[in-house]
$ cat final01.csv   # CSV, C-alpha atoms
chain,number,residue,atom,x,y,z
A,1,MET,CA,11.8,-21.7,23.3
A,2,ALA,CA,12.0,-18.0,22.5
A,3,TYR,CA,12.2,-15.9,25.6
A,4,LEU,CA,12.5,-12.1,26.2
A,5,GLU,CA,13.5,-10.3,29.4
A,6,GLU,CA,11.0,-7.8,30.8
A,7,ASN,CA,13.0,-4.8,29.5
A,8,GLU,CA,13.0,-6.4,26.1
A,9,TRP,CA,9.2,-6.9,26.2
A,10,MET,CA,8.9,-3.2,27.1
A,11,LEU,CA,11.0,-2.2,24.1
A,12,LEU,CA,9.1,-4.5,21.8
A,13,ASN,CA,5.9,-3.0,23.1
A,14,GLU,CA,7.2,0.5,22.3
A,15,VAL,CA,8.3,-0.5,18.8
A,16,ALA,CA,4.9,-2.1,18.1
A,17,TYR,CA,3.1,1.0,19.4
A,18,ASN,CA,5.1,3.3,17.2
A,19,ILE,CA,4.5,1.3,14.1
A,20,SER,CA,0.9,2.6,14.2
A,21,TYR,CA,1.6,5.9,16.1
A,22,ILE,CA,4.2,7.6,13.9
A,23,TYR,CA,2.1,9.5,11.3
A,24,SER,CA,4.6,9.7,8.5
A,25,LEU,CA,5.1,6.3,6.7
A,26,ASP,CA,8.7,7.3,5.7
A,27,GLU,CA,9.5,8.3,9.3
A,28,MET,CA,8.0,5.1,10.7
A,29,GLN,CA,10.1,2.9,8.4
A,30,GLU,CA,13.3,4.8,9.1
A,31,LYS,CA,12.8,4.9,12.9
A,32,ILE,CA,11.6,1.3,13.3
A,33,LEU,CA,14.7,0.0,11.5
A,34,SER,CA,16.9,2.0,13.9
A,35,TRP,CA,15.0,0.9,17.0
A,36,MET,CA,15.0,-2.8,15.9
A,37,LYS,CA,18.8,-2.8,16.3
A,38,PHE,CA,18.2,-2.7,20.1
A,39,LEU,CA,16.1,-5.9,19.8
A,40,ILE,CA,18.0,-7.7,17.1
A,41,GLU,CA,21.6,-7.1,16.3
A,42,TYR,CA,22.3,-6.5,12.6
A,43,ASP,CA,24.8,-4.9,10.3
A,44,GLY,CA,22.5,-3.9,7.5
A,45,ALA,CA,18.7,-3.8,7.1
A,46,VAL,CA,16.0,-3.0,4.5
A,47,PHE,CA,12.3,-2.3,4.9
A,48,SER,CA,10.3,-2.1,1.7
A,49,LEU,CA,6.6,-2.0,0.9
A,50,ILE,CA,5.2,-4.4,-1.6
A,51,GLU,CA,2.6,-3.4,-4.2
A,52,SER,CA,0.6,-5.7,-6.4
A,53,ASN,CA,0.3,-4.8,-10.1
A,54,LYS,CA,-1.6,-7.1,-12.5
A,55,GLY,CA,-0.4,-10.3,-10.7
A,56,THR,CA,3.2,-9.2,-10.2
A,57,TYR,CA,4.8,-7.5,-7.2
A,58,GLN,CA,6.8,-4.4,-7.0
A,59,LEU,CA,9.0,-3.0,-4.2
A,60,GLN,CA,8.1,0.6,-3.2
A,61,ASN,CA,9.2,3.1,-0.5
A,62,THR,CA,12.4,1.2,0.2
A,63,PHE,CA,14.4,2.3,3.3
A,64,GLY,CA,17.8,0.9,4.4
A,65,ASN,CA,19.9,1.1,7.5
A,66,GLY,CA,23.7,0.6,7.4
A,67,LEU,CA,23.7,0.5,3.6
A,68,GLU,CA,25.0,2.9,0.9
A,69,ALA,CA,22.4,4.2,-1.5
A,70,LYS,CA,23.9,2.2,-4.4
A,71,TYR,CA,23.5,-1.1,-2.6
A,72,LEU,CA,20.0,-0.3,-1.6
A,73,LYS,CA,19.3,0.2,-5.3
A,74,ILE,CA,20.9,-3.1,-6.1
A,75,TRP,CA,18.8,-4.8,-3.3
A,76,LYS,CA,15.6,-3.4,-4.8
A,77,GLU,CA,16.5,-4.5,-8.3
A,78,GLU,CA,17.5,-8.1,-7.4
A,79,THR,CA,15.3,-9.1,-4.4
A,80,LEU,CA,12.3,-10.1,-6.5
A,81,GLU,CA,14.4,-11.3,-9.4
A,82,SER,CA,17.3,-13.4,-8.1
A,83,ASP,CA,16.9,-13.8,-4.4
A,84,LEU,CA,16.1,-17.5,-3.8
A,85,THR,CA,13.8,-16.7,-0.9
A,86,ARG,CA,11.5,-14.5,-3.0
A,87,TRP,CA,9.0,-17.4,-3.2
A,88,ILE,CA,8.0,-16.5,0.4
A,89,VAL,CA,6.5,-13.2,-0.9
A,90,TYR,CA,4.6,-15.0,-3.6
A,91,SER,CA,3.3,-17.7,-1.2
A,92,GLY,CA,1.3,-15.1,0.8
A,93,LYS,CA,2.5,-16.5,4.1
A,94,ASN,CA,3.1,-14.1,7.0
A,95,THR,CA,6.3,-15.5,8.4
A,96,ALA,CA,9.7,-14.7,9.8
A,97,PHE,CA,12.5,-16.7,8.2
A,98,ARG,CA,16.2,-17.4,8.3
A,99,GLU,CA,17.9,-17.9,5.0
A,100,SER,CA,20.1,-20.7,6.2
A,101,ASP,CA,17.0,-22.8,6.9
A,102,LEU,CA,15.7,-22.3,3.3
A,103,ILE,CA,18.6,-22.5,0.9
A,104,SER,CA,22.1,-24.0,0.7
A,105,GLU,CA,25.1,-21.7,0.6
A,106,GLU,CA,26.2,-23.2,-2.7
A,107,LYS,CA,22.9,-22.2,-4.4
A,108,ARG,CA,22.9,-18.8,-2.8
A,109,GLN,CA,26.4,-18.0,-4.0
A,110,GLU,CA,25.3,-18.5,-7.6
A,111,THR,CA,22.7,-15.7,-7.4
A,112,ARG,CA,23.2,-12.1,-8.6
A,113,VAL,CA,21.9,-10.7,-5.4
A,114,TYR,CA,24.6,-12.6,-3.5
A,115,LYS,CA,27.4,-11.4,-5.9
A,116,ASN,CA,26.2,-7.8,-6.2
A,117,PHE,CA,24.8,-7.2,-2.7
A,118,TYR,CA,26.1,-9.7,-0.1
A,119,ILE,CA,29.8,-9.9,-1.1
A,120,PRO,CA,30.5,-6.1,-1.4
A,121,ASN,CA,29.0,-5.6,2.1
A,122,ASN,CA,30.6,-8.7,3.6
A,123,PHE,CA,27.1,-10.0,4.5
A,124,TYR,CA,26.7,-13.7,5.2
A,125,HIS,CA,23.7,-14.3,7.5
A,126,ALA,CA,20.2,-13.1,6.7
A,127,ALA,CA,16.8,-13.2,8.2
A,128,GLY,CA,13.5,-11.6,7.1
A,129,LEU,CA,9.9,-11.0,7.8
A,130,CYS,CA,7.3,-11.2,5.0
A,131,ILE,CA,4.5,-8.9,6.0
A,132,VAL,CA,1.1,-10.2,4.9
A,133,PHE,CA,-2.4,-8.9,5.3
A,134,LYS,CA,-5.2,-11.4,4.4
A,135,GLU,CA,-2.9,-13.4,2.1
A,136,ASP,CA,-1.7,-10.2,0.3
A,137,PRO,CA,2.0,-9.4,0.8
A,138,VAL,CA,2.3,-5.7,1.8
A,139,GLY,CA,5.9,-5.4,2.9
A,140,ILE,CA,9.2,-7.1,3.6
A,141,ILE,CA,12.0,-6.6,6.1
A,142,LYS,CA,15.4,-8.1,5.6
A,143,LEU,CA,18.2,-8.1,8.2
A,144,TYR,CA,21.9,-9.0,7.5
A,145,ARG,CA,24.9,-9.9,9.5
A,146,LYS,CA,28.6,-10.1,8.5
A,147,ARG,CA,30.3,-13.4,8.1
A,148,GLU,CA,32.2,-13.3,11.4
A,149,LYS,CA,28.9,-12.9,13.4
A,150,ALA,CA,26.6,-15.6,14.6
A,151,ASP,CA,23.5,-16.5,12.5
A,152,PHE,CA,20.1,-15.1,13.5
A,153,SER,CA,18.6,-17.1,16.4
A,154,GLU,CA,15.1,-18.5,17.2
A,155,ARG,CA,14.7,-15.5,19.6
A,156,ASP,CA,15.4,-13.1,16.7
A,157,LEU,CA,12.7,-14.8,14.6
A,158,PHE,CA,10.3,-14.7,17.5
A,159,VAL,CA,10.8,-10.9,17.8
A,160,LEU,CA,10.0,-10.4,14.1
A,161,ASP,CA,6.9,-12.6,14.4
A,162,GLN,CA,5.6,-10.5,17.3
A,163,LEU,CA,5.6,-7.4,15.1
A,164,GLN,CA,4.0,-9.1,12.0
A,165,LYS,CA,0.4,-8.0,12.8
A,166,HIS,CA,1.4,-4.5,13.7
A,167,PHE,CA,3.3,-4.0,10.4
A,168,ALA,CA,0.4,-5.7,8.4
A,169,TYR,CA,-2.2,-3.4,10.0
A,170,ARG,CA,-0.2,-0.2,9.4
A,171,LEU,CA,0.7,-1.0,5.8
A,172,SER,CA,-2.8,-2.1,5.0
A,173,TYR,CA,-4.1,1.1,6.7
A,174,GLU,CA,-1.9,3.1,4.3
A,175,ALA,CA,-3.3,1.1,1.3
A,176,LYS,CA,-6.9,1.6,2.5
A,177,LYS,CA,-6.3,5.2,3.3
A,178,GLY,CA,-7.3,4.6,7.0
A,179,ASP,CA,-10.4,2.5,6.5
A,180,THR,CA,-10.1,0.3,9.6
A,181,ARG,CA,-13.2,-1.8,8.7
A,182,TYR,CA,-10.9,-4.1,6.9
A,183,PHE,CA,-8.7,-4.9,9.9
A,184,TYR,CA,-10.7,-6.9,12.3
A,185,ALA,CA,-13.5,-9.4,12.1
A,186,LYS,CA,-16.9,-7.8,12.4
A,187,GLY,CA,-18.0,-7.6,16.1
A,188,TYR,CA,-14.5,-8.5,17.4
A,189,HIS,CA,-14.9,-6.1,20.3
A,190,GLU,CA,-18.1,-7.6,21.7
A,191,LYS,CA,-16.8,-11.1,21.2
A,192,ILE,CA,-13.5,-10.5,23.0
A,193,CYS,CA,-15.3,-8.7,25.9
A,194,LYS,CA,-17.7,-11.6,26.2
A,195,LYS,CA,-15.1,-14.3,25.8
A,196,TYR,CA,-12.8,-12.9,28.5
A,197,GLN,CA,-15.6,-11.4,30.7
A,198,LEU,CA,-14.3,-7.8,30.5
A,199,THR,CA,-16.2,-5.2,32.4
A,200,GLU,CA,-17.7,-2.3,30.6
A,201,ARG,CA,-14.8,-0.1,31.8
A,202,GLU,CA,-12.2,-2.7,30.7
A,203,GLY,CA,-14.0,-3.0,27.3
A,204,GLU,CA,-13.7,0.7,26.8
A,205,ILE,CA,-10.0,0.7,27.7
A,206,PHE,CA,-9.5,-2.3,25.4
A,207,ARG,CA,-11.0,-0.5,22.5
A,208,TYR,CA,-8.7,2.5,23.0
A,209,ALA,CA,-5.7,0.2,23.2
A,210,VAL,CA,-6.6,-1.4,19.9
A,211,GLU,CA,-6.9,2.1,18.4
A,212,GLY,CA,-3.4,2.9,19.5
A,213,TYR,CA,-3.9,5.4,22.3
A,214,THR,CA,-1.3,5.8,25.0
A,215,ASN,CA,-2.1,5.3,28.7
A,216,VAL,CA,-2.0,9.1,29.1
A,217,GLU,CA,-4.4,9.7,26.3
A,218,ILE,CA,-6.7,6.9,27.6
A,219,GLY,CA,-6.7,8.5,31.0
A,220,GLU,CA,-7.6,11.9,29.5
A,221,LYS,CA,-10.4,10.4,27.4
A,222,MET,CA,-11.9,8.6,30.4
A,223,ASN,CA,-11.1,11.3,32.9
A,224,VAL,CA,-9.2,8.9,35.2
A,225,SER,CA,-5.7,8.7,36.5
A,226,ILE,CA,-2.8,6.9,34.9
A,227,HIS,CA,-2.7,4.6,37.9
A,228,THR,CA,-6.3,3.6,37.3
A,229,VAL,CA,-5.6,3.0,33.6
A,230,LYS,CA,-2.7,0.7,34.4
A,231,LYS,CA,-4.8,-1.1,37.0
A,232,HIS,CA,-7.5,-1.8,34.4
A,233,PHE,CA,-4.8,-3.0,32.0
A,234,GLN,CA,-3.4,-5.4,34.5
A,235,SER,CA,-6.9,-6.9,35.0
A,236,ILE,CA,-7.4,-7.2,31.2
A,237,TYR,CA,-4.0,-8.8,30.8
A,238,GLY,CA,-4.8,-11.3,33.5
A,239,LYS,CA,-8.2,-12.2,32.0
A,240,MET,CA,-6.7,-12.6,28.5
A,241,ASN,CA,-3.6,-14.4,29.8
A,242,VAL,CA,-1.2,-11.9,28.1
A,243,SER,CA,1.6,-9.7,29.5
A,244,ASN,CA,1.4,-6.6,27.3
A,245,ARG,CA,-0.2,-4.8,24.4
A,246,VAL,CA,1.8,-6.7,21.8
A,247,GLN,CA,0.4,-10.0,23.0
A,248,LEU,CA,-3.1,-8.5,23.5
A,249,LEU,CA,-3.3,-7.6,19.8
A,250,GLN,CA,-2.3,-11.2,18.9
A,251,CYS,CA,-5.7,-12.2,20.3
A,252,LEU,CA,-7.7,-10.1,17.9
A,253,PRO,CA,-9.5,-12.0,15.1
A,254,LEU,CA,-8.8,-10.8,11.6
A,255,SER,CA,-11.5,-10.2,9.1
A,256,THR,CA,-11.6,-12.9,6.4
A,257,SER,CA,-12.6,-10.4,3.7
A,258,LYS,CA,-10.0,-9.8,1.1
A,259,LEU,CA,-8.7,-6.2,0.4
A,260,ASP,CA,-10.5,-4.6,-2.5
A,261,LEU,CA,-8.7,-1.4,-3.4
A,262,ASP,CA,-11.2,-0.7,-6.1
A,263,GLU,CA,-13.8,0.0,-3.4
A,264,LEU,CA,-12.0,3.2,-2.5

$ encode --input "final01.csv" --output "C-alpha cells"
Amino acid sequence: MAYLEENEWMLLNEVAYNISYIYSLDEMQEKILSWMKFLIEYDGAVFSLIESNKGTYQLQNTFGNGLEAKYLKIWKEETLESDLTRWIVYSGKNTAFRESDLISEEKRQETRVYKNFYIPNNFYHAAGLCIVFKEDPVGIIKLYRKREKADFSERDLFVLDQLQKHFAYRLSYEAKKGDTRYFYAKGYHEKICKKYQLTEREGEIFRYAVEGYTNVEIGEKMNVSIHTVKKHFQSIYGKMNVSNRVQLLQCLPLSTSKLDLDEL
C-alpha cells in the first residue's frame, strides 16, 4: 500500500496548491517539474499539454527537466508516433502508469523513441501520468530514470495519481479561459456541506479552499486569525475523513458535461 510521511504530504499539498496558484502556465510547468524531484526521484522529465485537432492529438507547450533541447524536440516528435504507451492518451483514462507494466523490453527497444531518446540519455525506467478532464486528454507527464537506478515504485505512482485532478483542473481552466463552471458538478458545494454536516463557517472556508486561497488569504477574507482558520480546517478534515487539501479535493464530484470549446 502506498504511504507517505507527514512531511511528504506537506510537500505534496504545496505542489498541488501551486499547480493552481502560479499564474503563468509556463512557470507552473517548469517549477512543478523541479519540485516533483523532491517527491519522486528522476533523471529526466517532460511535461506537455495535449490539444485535440480534428480527432488527432498534438503536443504543445512542452517543458523538460534534465534534458537537452535537442532531445526534448525528439521526445515531442516521437511520443505520439512511436511510443508504445501512446494508446493511454487515446484511451482517455486519467491514470499514472509504469512502462515496465505495459510493454516488454524487447518491444520497446524496437521503437524510434527508444533508439533516439532513451539510449542517448541512458534512460531505462519510465513512468507517466496521463492528465484527463472529462475523458479528454489535456496533458502528459513522463519521468525517466537511468538503467542503474531502481524502477518507479507503487509509491511514485500514488504520488502522481494524487496530483491528477489538480493538473486536470488547471489545464482545463487554461483551455476554458477561466470558466470554472465546467469543473465541478452543479451544486457540489451544497451537497458536500450537507453530506458531511459542515457548519456555515466551515462551508465558507471549504469554498475558499476549493478556489485555491491560502490560509492567510482565507483569514483576511473572513477577518479571523490563522489559528482559527486552521482549527476550522481540522474540523472539516475530520468530518470528511481526509488529512489535507489534496485529499479534500479528491472528494469533489466532477461535472459530467463534456468540454465544448466552441461555447467560448

$ closest_residue --input "final01.csv" --among "A:Tyr188, A:Phe97, A:Tyr124, A:Tyr208" --to "Gly44 in chain A" --atoms "all atoms listed in the file"
A:Tyr124

$ closest_atom_pairs --input "final01.csv" --of "range 112-137 of chain A" --to "range 54-73 of chain A" --cutoff "10 Å" --atoms "only C-alpha atoms" --output "CSV"
residue,atom,partner,partner_atom,distance
A:Asn116,CA,A:Tyr71,CA,8.1
A:Phe117,CA,A:Tyr71,CA,6.2
A:Tyr118,CA,A:Tyr71,CA,9.3
A:Pro120,CA,A:Tyr71,CA,8.7
A:Asn121,CA,A:Leu67,CA,8.2
A:Pro137,CA,A:Tyr57,CA,8.7

$ atom_distance --input "final01.csv" --atom1 "CA of Leu157 in chain A" --atom2 "CA of Phe206 in chain A"
27.7 Å

$ atom_distance --input "final01.csv" --atom1 "CA of His125 in chain A" --atom2 "CA of Val246 in chain A"
27.2 Å

$ atom_distance --input "final01.csv" --atom1 "CA of Ile140 in chain A" --atom2 "CA of Ala209 in chain A"
25.7 Å

$ closest_residue --input "final01.csv" --among "A:Arg98, A:Lys146, A:Lys191, A:Arg112" --to "Tyr42 in chain A" --atoms "only C-alpha atoms"
A:Lys146

$ closest_residue --input "final01.csv" --among "A:Asn94, A:Asn215, A:Ser243, A:Gln234" --to "Leu198 in chain A" --atoms "only C-alpha atoms"
A:Gln234

$ residues_around --input "final01.csv" --residues "Ile32 in chain A" --least-positions-apart "3" --cutoff "12 Å" --atoms "all atoms listed in the file" --output "number ranges by chain"
A: 11-12, 14-22, 24-29, 35-40, 45-47, 63-65, 141, 160, 163, 166-167

$ residues_around --input "final01.csv" --residues "Arg147 in chain A" --least-positions-apart "2" --cutoff "8 Å" --atoms "all atoms listed in the file" --output "count of residues only"
7

$ closest_residue --input "final01.csv" --among "A:Glu99, A:Asn53, A:Val113, A:His232" --to "Lys76 in chain A" --atoms "only C-alpha atoms"
A:Val113
